[in-house]
$ cat start.cif   # mmCIF, C-alpha atoms and all ligand atoms
data_protein
loop_
_atom_site.label_atom_id
_atom_site.label_comp_id
_atom_site.auth_asym_id
_atom_site.auth_seq_id
_atom_site.Cartn_x
_atom_site.Cartn_y
_atom_site.Cartn_z
CA MET A 86 21.51 3.95 10.63
CA ILE A 87 18.32 5.80 9.78
CA VAL A 88 15.71 6.42 12.50
CA LYS A 89 12.36 8.14 11.80
CA SER A 90 9.04 8.63 13.59
CA LEU A 91 5.61 9.07 12.04
CA GLU A 92 5.49 12.67 13.27
CA ASP A 93 8.65 13.44 11.23
CA ILE A 94 6.76 12.45 8.05
CA ILE A 95 3.19 13.71 8.51
CA GLY A 96 2.59 16.87 6.46
CA THR A 97 5.88 16.61 4.54
CA ASP A 98 6.50 15.57 0.90
CA ASP A 99 6.81 11.98 2.18
CA HIS A 100 3.12 12.05 3.15
CA THR A 101 1.40 11.08 -0.12
CA LYS A 102 -2.37 11.12 -0.55
CA GLY A 103 -4.62 9.19 -2.92
CA GLU A 104 -8.43 9.19 -3.22
CA THR A 105 -8.99 6.30 -0.76
CA TRP A 106 -5.66 6.23 1.10
CA GLU A 107 -2.76 8.16 2.46
CA SER A 108 0.74 6.86 2.82
CA ARG A 109 3.63 7.87 5.01
CA ARG A 110 6.88 6.95 3.23
CA PHE A 111 9.47 5.76 5.74
CA ILE A 112 12.00 4.13 3.41
CA LYS A 113 12.31 5.18 -0.24
CA LYS A 114 14.39 4.33 -3.29
CA SER A 115 16.80 7.13 -2.37
CA ASP A 116 17.73 5.22 0.79
CA ASN A 117 19.27 2.64 -1.56
CA VAL A 118 18.38 -0.53 0.35
CA GLY A 119 16.37 -2.39 -2.33
CA PHE A 120 12.87 -1.97 -0.87
CA SER A 121 10.56 0.76 0.40
CA LEU A 122 8.36 0.83 3.50
CA ASN A 123 5.19 2.86 4.08
CA ASP A 124 2.67 3.27 6.87
CA THR A 125 -0.60 3.54 4.95
CA ILE A 126 -4.14 4.49 5.98
CA ILE A 127 -7.04 3.10 3.95
CA LYS A 128 -10.17 5.20 4.49
CA GLU A 129 -13.24 3.69 6.09
CA GLY A 130 -15.96 2.45 3.74
CA THR A 131 -13.79 2.65 0.59
CA GLU A 132 -13.11 0.19 -2.21
CA SER A 133 -9.85 0.55 -4.15
CA TYR A 134 -8.75 -1.25 -7.28
CA PHE A 135 -4.96 -1.70 -7.38
CA TRP A 136 -2.63 -3.46 -9.76
CA TYR A 137 1.07 -3.24 -8.94
CA LYS A 138 2.20 -4.67 -12.24
CA ASN A 139 5.68 -3.15 -11.81
CA HIS A 140 6.13 -3.96 -8.12
CA ILE A 141 5.78 -6.73 -5.56
CA GLU A 142 3.98 -5.49 -2.45
CA ALA A 143 3.64 -7.05 1.00
CA VAL A 144 0.91 -5.54 3.20
CA TYR A 145 0.66 -6.10 6.95
CA CYS A 146 -2.55 -4.92 8.62
CA ILE A 147 -1.99 -3.40 12.05
CA GLU A 148 -5.33 -1.61 12.60
CA GLY A 149 -8.90 -1.88 11.32
CA GLU A 150 -10.92 -4.43 9.37
CA GLY A 151 -11.64 -5.10 5.73
CA GLU A 152 -10.97 -7.53 2.92
CA VAL A 153 -8.87 -8.05 -0.18
CA GLU A 154 -10.22 -9.76 -3.31
CA THR A 155 -8.05 -11.18 -6.10
CA LEU A 156 -9.64 -10.55 -9.50
CA SER A 157 -8.23 -13.66 -11.20
CA ASP A 158 -10.19 -16.07 -9.01
CA GLY A 159 -12.65 -13.92 -7.05
CA LYS A 160 -11.23 -15.12 -3.72
CA ILE A 161 -11.92 -12.82 -0.76
CA TYR A 162 -9.54 -12.72 2.21
CA PRO A 163 -10.66 -11.00 5.42
CA LEU A 164 -8.17 -8.52 6.88
CA LYS A 165 -7.68 -7.68 10.54
CA PRO A 166 -4.71 -6.65 12.68
CA GLY A 167 -2.06 -9.35 12.35
CA THR A 168 -3.00 -10.40 8.79
CA MET A 169 -0.49 -10.04 5.93
CA TYR A 170 -0.98 -10.42 2.20
CA LEU A 171 1.75 -10.65 -0.41
CA LEU A 172 0.96 -9.75 -4.03
CA ASN A 173 3.63 -12.13 -5.32
CA ASP A 174 1.92 -12.57 -8.72
CA ASN A 175 1.44 -8.82 -9.25
CA ASP A 176 -2.20 -9.69 -8.55
CA LYS A 177 -4.94 -7.32 -9.61
CA HIS A 178 -7.04 -6.79 -6.50
CA TYR A 179 -9.79 -4.90 -4.75
CA LEU A 180 -9.08 -3.60 -1.25
CA ARG A 181 -12.15 -2.83 0.84
CA ALA A 182 -12.01 -1.10 4.21
CA LYS A 183 -14.94 -1.81 6.53
CA THR A 184 -13.34 0.44 9.11
CA GLN A 185 -10.27 2.64 8.65
CA MET A 186 -7.31 0.31 8.18
CA ARG A 187 -3.65 0.96 8.87
CA MET A 188 -1.19 -1.11 6.88
CA VAL A 189 2.58 -1.44 6.75
CA CYS A 190 3.49 -1.79 3.04
CA VAL A 191 6.79 -2.99 1.62
CA PHE A 192 7.54 -2.57 -2.11
CA ASN A 193 10.18 -4.11 -4.31
CA PRO A 194 11.46 -2.37 -6.40
CA PRO A 195 11.34 0.53 -3.92
CA LEU A 196 9.01 3.46 -4.44
CA VAL A 197 10.57 6.84 -5.19
CA GLY A 198 7.91 8.17 -2.84
CA THR A 199 5.69 10.36 -5.02
CA GLU A 200 3.79 7.54 -6.78
CA THR A 201 0.01 7.60 -7.02
CA HIS A 202 -2.14 5.14 -8.97
CA ASP A 203 -2.98 5.76 -12.62
CA GLU A 204 -6.40 4.93 -14.14
CA ASP A 205 -5.41 1.23 -14.24
CA GLY A 206 -4.56 1.17 -10.52
CA VAL A 207 -0.88 0.96 -11.45
CA TYR A 208 2.17 2.69 -9.97
CA PRO A 209 4.67 3.74 -12.66
CA LEU A 210 8.19 2.38 -12.45
CA LEU A 211 10.17 5.53 -11.54
C1 LIG B 301 -2.37 -1.29 0.63
C2 LIG B 301 -2.16 -0.44 -0.55
O1 LIG B 301 -1.78 -0.87 -1.61
N1 LIG B 301 -2.44 0.86 -0.35
C3 LIG B 301 -2.27 1.86 -1.35
C4 LIG B 301 -1.10 2.75 -1.06
C5 LIG B 301 0.20 2.04 -1.18
N2 LIG B 301 0.29 0.86 -0.41
C6 LIG B 301 1.33 2.95 -0.79
O2 LIG B 301 1.78 3.73 -1.63
O3 LIG B 301 1.76 2.88 0.35
#

$ encode --input "start.cif" --output "structure tokens" --more "lines below"
Ligand code: 9YT
Amino acid sequence: MIVKSLEDIIGTDDHTKGETWESRRFIKKSDNVGFSLNDTIIKEGTESYFWYKNHIEAVYCIEGEGEVETLSDGKIYPLKPGTMYLLNDNDKHYLRAKTQMRMVCVFNPPLVGTETHDEDGVYPLL
């Protein structure tokens, strides 16, 4: 069994930072369980464009408020603690944080842990 706390991760190599977010990597590809799990902060007042064309991501909001918009149809879904979205069509999307949001993110295939978005909002398949 593997047991970790947020304080074990903060400030280590498993604490990855992007322009609008930071992510604490709890479970990574090296754990060999078929998915990864992150505790992610989305900064207040930011808009991010993401496209996980190589991954399926489930996102569960546990703190804060914002919205996610799917580019294909322009639909906007409000986000608040207790709301989950699943990008099951590798959906291109905008994520907007009205206040700082905290999200639990699960990826399949699992992240190696060092991924950050390229200019297309994509994570490489590592
Ligand atoms: C919700 C979202 O996609 N945030 C960007 C960071 C990513 N989820 C990650 O690497 O944890």

$ residues_around --input "start.cif" --residues "range 89-106 of chain A" --least-positions-apart "5" --cutoff "6 Å" --atoms "all atoms listed in the file" --output "PyMOL selection string"
chain A and resi 126-128

$ residues_near_ligand --input "start.cif" --ligand "ligand LIG 301 (chain B)" --cutoff "8 Å" --atoms "only C-alpha atoms and all ligand atoms" --output "PyMOL selection string"
chain A and resi 101+103+106-110+122-127+135+142+144+180+188-191+196+198+200-201

$ atom_distance --input "start.cif" --atom1 "CA of Gln185 in chain A" --atom2 "CA of Tyr170 in chain A"
17.3 Å

$ atom_distance --input "start.cif" --atom1 "CA of Lys113 in chain A" --atom2 "CA of Met186 in chain A"
21.9 Å

$ closest_residue --input "start.cif" --among "A:Lys114, A:His140, A:His178, A:Lys183" --to "Leu156 in chain A" --atoms "all atoms listed in the file"
A:His178

$ closest_residue --input "start.cif" --among "A:Ser133, A:Asn139, A:Ile112, A:Phe120" --to "Asp174 in chain A" --atoms "only C-alpha atoms"
A:Asn139

$ build_atoms --input "start.cif" --residues "range 161-172 of chain A" --atoms "all heavy atoms" --output "tab-separated table (two decimals), keeping the file's coordinate frame"
chain	number	residue	atom	x	y	z
A	161	ILE	N	-11.86	-13.94	-1.70
A	161	ILE	CA	-11.92	-12.82	-0.76
A	161	ILE	C	-11.24	-13.25	0.54
A	161	ILE	O	-11.56	-14.31	1.09
A	161	ILE	CB	-13.37	-12.39	-0.51
A	161	ILE	CG1	-13.96	-11.82	-1.82
A	161	ILE	CG2	-13.46	-11.37	0.61
A	161	ILE	CD1	-15.42	-11.42	-1.75
A	162	TYR	N	-10.30	-12.42	0.99
A	162	TYR	CA	-9.54	-12.72	2.21
A	162	TYR	C	-9.85	-11.64	3.24
A	162	TYR	O	-9.58	-10.46	2.98
A	162	TYR	CB	-8.05	-12.74	1.92
A	162	TYR	CG	-7.65	-13.73	0.84
A	162	TYR	CD1	-7.67	-13.35	-0.51
A	162	TYR	CD2	-7.26	-15.02	1.15
A	162	TYR	CE1	-7.31	-14.23	-1.51
A	162	TYR	CE2	-6.91	-15.92	0.15
A	162	TYR	CZ	-6.93	-15.52	-1.17
A	162	TYR	OH	-6.58	-16.40	-2.16
A	163	PRO	N	-10.40	-12.01	4.39
A	163	PRO	CA	-10.66	-11.00	5.42
A	163	PRO	C	-9.34	-10.45	5.99
A	163	PRO	O	-8.36	-11.18	6.09
A	163	PRO	CB	-11.43	-11.76	6.52
A	163	PRO	CG	-11.52	-13.17	6.09
A	163	PRO	CD	-10.79	-13.36	4.82
A	164	LEU	N	-9.36	-9.17	6.32
A	164	LEU	CA	-8.17	-8.52	6.88
A	164	LEU	C	-8.48	-7.98	8.27
A	164	LEU	O	-9.53	-7.36	8.47
A	164	LEU	CB	-7.73	-7.36	5.98
A	164	LEU	CG	-7.35	-7.73	4.54
A	164	LEU	CD1	-7.12	-6.46	3.73
A	164	LEU	CD2	-6.12	-8.62	4.52
A	165	LYS	N	-7.58	-8.22	9.18
A	165	LYS	CA	-7.68	-7.68	10.54
A	165	LYS	C	-6.26	-7.52	11.07
A	165	LYS	O	-5.32	-8.03	10.42
A	165	LYS	CB	-8.52	-8.62	11.44
A	165	LYS	CG	-7.93	-9.99	11.65
A	165	LYS	CD	-8.84	-10.78	12.56
A	165	LYS	CE	-8.28	-12.04	13.17
A	165	LYS	NZ	-7.43	-12.92	12.42
A	166	PRO	N	-6.07	-6.84	12.17
A	166	PRO	CA	-4.71	-6.65	12.68
A	166	PRO	C	-4.01	-8.00	12.84
A	166	PRO	O	-4.58	-8.95	13.42
A	166	PRO	CB	-4.93	-5.96	14.03
A	166	PRO	CG	-6.20	-5.20	13.82
A	166	PRO	CD	-7.06	-6.09	12.97
A	167	GLY	N	-2.82	-8.10	12.28
A	167	GLY	CA	-2.06	-9.35	12.35
A	167	GLY	C	-2.10	-10.15	11.06
A	167	GLY	O	-1.41	-11.16	10.95
A	168	THR	N	-2.92	-9.70	10.07
A	168	THR	CA	-3.00	-10.40	8.79
A	168	THR	C	-2.09	-9.71	7.76
A	168	THR	O	-2.08	-8.48	7.67
A	168	THR	CB	-4.44	-10.42	8.25
A	168	THR	OG1	-5.30	-10.94	9.25
A	168	THR	CG2	-4.55	-11.27	6.99
A	169	MET	N	-1.38	-10.52	6.99
A	169	MET	CA	-0.49	-10.04	5.93
A	169	MET	C	-0.92	-10.63	4.61
A	169	MET	O	-1.32	-11.80	4.56
A	169	MET	CB	0.94	-10.49	6.25
A	169	MET	CG	2.05	-9.98	5.38
A	169	MET	SD	2.35	-10.71	3.74
A	169	MET	CE	2.38	-12.45	4.02
A	170	TYR	N	-0.88	-9.84	3.53
A	170	TYR	CA	-0.98	-10.42	2.20
A	170	TYR	C	0.19	-9.97	1.35
A	170	TYR	O	0.69	-8.86	1.51
A	170	TYR	CB	-2.33	-10.14	1.52
A	170	TYR	CG	-2.67	-8.70	1.23
A	170	TYR	CD1	-2.29	-8.10	0.04
A	170	TYR	CD2	-3.41	-7.95	2.14
A	170	TYR	CE1	-2.63	-6.78	-0.24
A	170	TYR	CE2	-3.75	-6.63	1.86
A	170	TYR	CZ	-3.35	-6.05	0.68
A	170	TYR	OH	-3.69	-4.74	0.41
A	171	LEU	N	0.62	-10.90	0.48
A	171	LEU	CA	1.75	-10.65	-0.41
A	171	LEU	C	1.26	-10.79	-1.84
A	171	LEU	O	0.75	-11.86	-2.22
A	171	LEU	CB	2.87	-11.66	-0.12
A	171	LEU	CG	4.08	-11.62	-1.07
A	171	LEU	CD1	4.84	-10.31	-0.93
A	171	LEU	CD2	5.01	-12.81	-0.80
A	172	LEU	N	1.41	-9.74	-2.63
A	172	LEU	CA	0.96	-9.75	-4.03
A	172	LEU	C	2.11	-10.27	-4.89
A	172	LEU	O	2.68	-9.55	-5.71
A	172	LEU	CB	0.52	-8.35	-4.44
A	172	LEU	CG	-0.64	-7.79	-3.59
A	172	LEU	CD1	-0.75	-6.28	-3.73
A	172	LEU	CD2	-1.95	-8.47	-3.97
